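One structure is given here, and the rest of the page talks about it.
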2 protein chains.
Amino acid sequence: MQTFPEPVIEPILAMPEAAYLQASSATPAFSPLYQQIKGLILNSLRAGEWKPGEMIPSEVELAGRFHVSQGTVRKAIDELAAENLLLRRQGKGTFVATHAEQQVQFRFLKLVPDSGTRGSEGPAQRDIIECKRGRATADVARALALRNGDMVLQARRLLSFGGAPIILEDIWLPAAPFKGLTAEQLANYQGPMYALFETEFNVRMVRAEEKIRAIPATELHVAHLKVPLGTPLLSVERVAYTYRDEPMELRRGYYRTDTHHYHNTLG
Amino acid sequence: MQTFPEPVIEPILAMPEAAYLQASSATPAFSPLYQQIKGLILNSLRAGEWKPGEMIPSEVELAGRFHVSQGTVRKAIDELAAENLLLRRQGKGTFVATHAEQQVQFRFLKLVPDSGTRGSEGPAQRDIIECKRGRATADVARALALRNGDMVLQARRLLSFGGAPIILEDIWLPAAPFKGLTAEQLANYQGPMYALFETEFNVRMVRAEEKIRAIPATELHVAHLKVPLGTPLLSVERVAYTYRDEPMELRRGYYRTDTHHYHNTLG
DNA sequence: CAGTGGTCTAGACCACTGG
DNA sequence: CAGTGGTCTAGACCACTGC
């Protein structure tokens with residue numbers, strides 16, 4: 001078991017002293033104590049001090065470790081929970097969020113059936129069509145912050161709901177962090193792909209950006225999605241990011257929207 | 001100037017007593033004090049005690065009014081601010097959110113240019129193509145929680161960016177709350193439509209749900225969006241809700257996605 | 001300078017979970 | 001029952017705004 005050193009903040013007492021903690025830049029850029037605590041907790045998450053699904057130390061324990069009051073730790077955790085990095089469970093503790101939980105199974109999939117709720121069609125069927133190693137093309141390299149020609153893994157898969165093929169996805173991953181990932185792993189793994197990434201490669205997808213367009217079906221889509229050539233499809237290009245805000249996955253999805261739709265809530 | 005009675009909560013003292021406030025149902029359903037305060041503030045918003053853009057009473061004043069501590073009021077306001085109903089400005093006060101502010105001008109429009117940022121194309125051009133009264137069809141009535149045949153206002157408009165037509169929208173509004181709305185008002189009003197609704201009709205859009213599909217361009221789209229027949233377009237169906245969670249607008253938008261895309265962030 | 005929201009603390013007590 | 005997160009209070013002080 002790895003041990004982790006105590007944080008190097010002893011002199012924290014109150015807000016004004018806390019301000020000393022920051023790197024003094026041109027702009028003083030005051031940052032409240034709880035933000036600094038939030039940063040320290042985030043660092044522990046990044047360092048893997050607590051793994052996904054595990055319980056983190058209690059609020060009082062963290063308060064003692066950081067030499068601040070429980071309320072300050074609380075506010076830091078509040079924000080991390082609001083960002084879906086932590087999960088609070090009253091009476092139990094605070095846990096590192098994971099994609100493996102049933103309740104947040106489809107947190108990143110916004111396609112839902114026109115009638116009924118998700119799951120009413122039964123479990124999703126995931127078929128890996130292809131999986132290979134290759135070199136990043138210019139657009140893939142740019143999206144993943146790689147250099148042209150860096151090694152990437154590419155997978156193509158088909159998602160079916162209620163027996164009908166609905167989504168065709170092309171996925172690119174930087175080869176280095178996913179060293180050892182095989183087509184068999186992808187094909188045999190039951191459950192969301194991001195859960196596999198967590199448990200096997202210590203890669204946690206935390207946030208994603210999607211660009212959505214309408215495009216006509218090509219022969220590729222005709223073959224797998226069983227739609228006529230030229231049928232309008234939703235093109236969903238996603239870049240997923242880790243704790244460190246590194247882009248770690250590029251995914252191009254093609255969604256049939258004759259029986260499903262992309263659902264979004266505007267707040 | 002309208003006056004508002006003090007809230008009818010005198011006996012609030014602490015958490016256990018506060019629980020007495022609730023309607024006692026089969027399930028005791030404990031609700032914390034700050035949630036009740038949040039409800040009271042929300043009621044004031046609904047009643048129009050403070051208008052969009054106006055400052056609400058200070059935290060200490062509200063704490064006095066509700067006989068709770070400032071911290072409790074604070075937590076209630078925190079949640080309302082997180083839901084974009086209130087806007088906190090340090091040193092100034094807390095304000096009722098409005099669609100008229102420059103910074104949140106396009107809070108509900110997720111279409112952005114492929115390159116550059118929004119606004120880089122210059123201001124949006126809004127052209128009202130048509131505006132008429134009519135009776136709700138079955139689907140419109142269902143979306144707006146009306147009865148079949150209830151009177152509705154319908155408008156069609158074209159949004160252009162940098163001189164190019166990008167969005168065609170059909171909008172349905174229940175006639176009753178928008179009594180007196182004219183095509184001239186819509187045509188002449190500069191700024192977001194939701195700002196007009198606020199100032200003229202006391203209707204504040206607070207939340208919306210969108211269903212997105214890919215559809216082929218029809219003759220209607222060809223005529224206004226200048227695309228070939230059958231071109232894939234993004235179909236965005238939006239229902240917008242008020243403070244009271246009443247559906248108050250149905251909007252069907254058709255987006256060209258050759259130079260723009262729908263952008264979404266997954267948390 | 002007064003008034004506002006923002007931070008932090010210390011302590012009390014409640015609600016929920018599981019042994 | 002002990003341990004956890006959740007609520008509430010009272011008070012001090014800080015940061016920001018505008019007069």
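Lettering and numbering for the structure tokens are positional, with chains as A, B, ... in the shown order, residues counted from 1 in each chain, and ligands counted from 1 in the shown order.
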Problem - Residue list for chain D near chain A as an MDAnalysis selection string, 10 Å, only C-alpha atoms (C1' of nucleotides) - result: chainID D and resid 3:6 13:15
Practice task
Taking the DSSP assignment computed from this structure's backbone, write out as number ranges by chain all residues of range 33-259 of chain B that belong to helix (DSSP H, G or I).
Solution key: B: 33-47, 59-66, 70-82, 138-144, 183-188, 193-201, 219-225
Exercise for the section: Tell me which protein, DNA and RNA residues are within 12 Å of Ser115 in chain A, counting only C-alpha atoms (C1' of nucleotides), leaving out same-chain ones fewer than 4 positions away, and put them as an MDAnalysis selection string. Expected result: chainID A and resid 111 119:121 258:261
Output file for the residues above (C-alpha atoms, as an mmCIF file, in the first residue's frame):
```
data_model
loop_
_atom_site.group_PDB
_atom_site.id
_atom_site.type_symbol
_atom_site.label_atom_id
_atom_site.label_comp_id
_atom_site.auth_asym_id
_atom_site.auth_seq_id
_atom_site.Cartn_x
_atom_site.Cartn_y
_atom_site.Cartn_z
ATOM 1 C CA LEU A 111 -29.909 9.554 -26.940
ATOM 2 C CA GLY A 119 -33.965 0.775 -20.473
ATOM 3 C CA SER A 120 -37.511 0.060 -21.580
ATOM 4 C CA GLU A 121 -35.944 -1.505 -24.652
ATOM 5 C CA ASP A 258 -36.152 7.912 -36.505
ATOM 6 C CA THR A 259 -37.028 6.177 -33.253
ATOM 7 C CA HIS A 260 -34.747 8.024 -30.838
ATOM 8 C CA HIS A 261 -33.721 11.604 -30.174
#
```
Practice task
Just need the residues of chain A within 10 Å of chain B, counting only C-alpha atoms, so spit them out as number ranges by chain.
Solution key: A: 82-85, 107-112, 114, 205-217, 230-240, 255-267
DSSP strand (DSSP E or B) selection over range 46-139 of chain B, as a PDB file with C-alpha atoms, in the first residue's frame:
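The resulting out.pdb:
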```pdb
ATOM      1  CA  MET B  55     -32.279  43.718  -6.586  1.00  0.00           C
ATOM      2  CA  ILE B  56     -33.875  41.548  -3.942  1.00  0.00           C
ATOM      3  CA  LEU B  86     -30.975  34.799  -9.142  1.00  0.00           C
ATOM      4  CA  LEU B  87     -27.681  36.479  -9.852  1.00  0.00           C
ATOM      5  CA  ARG B  88     -25.248  37.381  -7.078  1.00  0.00           C
ATOM      6  CA  ARG B  89     -22.971  40.360  -7.487  1.00  0.00           C
ATOM      7  CA  GLY B  93     -26.541  42.706  -4.083  1.00  0.00           C
ATOM      8  CA  THR B  94     -28.574  39.795  -5.384  1.00  0.00           C
ATOM      9  CA  PHE B  95     -30.656  40.352  -8.507  1.00  0.00           C
ATOM     10  CA  VAL B  96     -33.496  38.635 -10.291  1.00  0.00           C
ATOM     11  CA  LEU B 111     -25.577  26.640 -32.063  1.00  0.00           C
ATOM     12  CA  VAL B 112     -22.104  28.097 -32.550  1.00  0.00           C
ATOM     13  CA  PRO B 113     -19.940  28.717 -35.611  1.00  0.00           C
ATOM     14  CA  GLN B 125     -30.298  39.237 -37.725  1.00  0.00           C
ATOM     15  CA  ARG B 126     -33.866  38.290 -36.842  1.00  0.00           C
ATOM     16  CA  ASP B 127     -36.542  38.365 -39.540  1.00  0.00           C
ATOM     17  CA  ILE B 128     -40.141  37.619 -38.748  1.00  0.00           C
ATOM     18  CA  ILE B 129     -41.584  35.800 -41.728  1.00  0.00           C
ATOM     19  CA  GLU B 130     -45.057  35.278 -40.456  1.00  0.00           C
ATOM     20  CA  CYS B 131     -47.127  35.746 -37.313  1.00  0.00           C
ATOM     21  CA  LYS B 132     -50.704  34.668 -36.848  1.00  0.00           C
ATOM     22  CA  ARG B 133     -53.355  33.473 -34.438  1.00  0.00           C
ATOM     23  CA  GLY B 134     -54.789  30.007 -34.726  1.00  0.00           C
ATOM     24  CA  ARG B 135     -55.984  26.984 -32.864  1.00  0.00           C
TER      25      ARG B 135
END
```
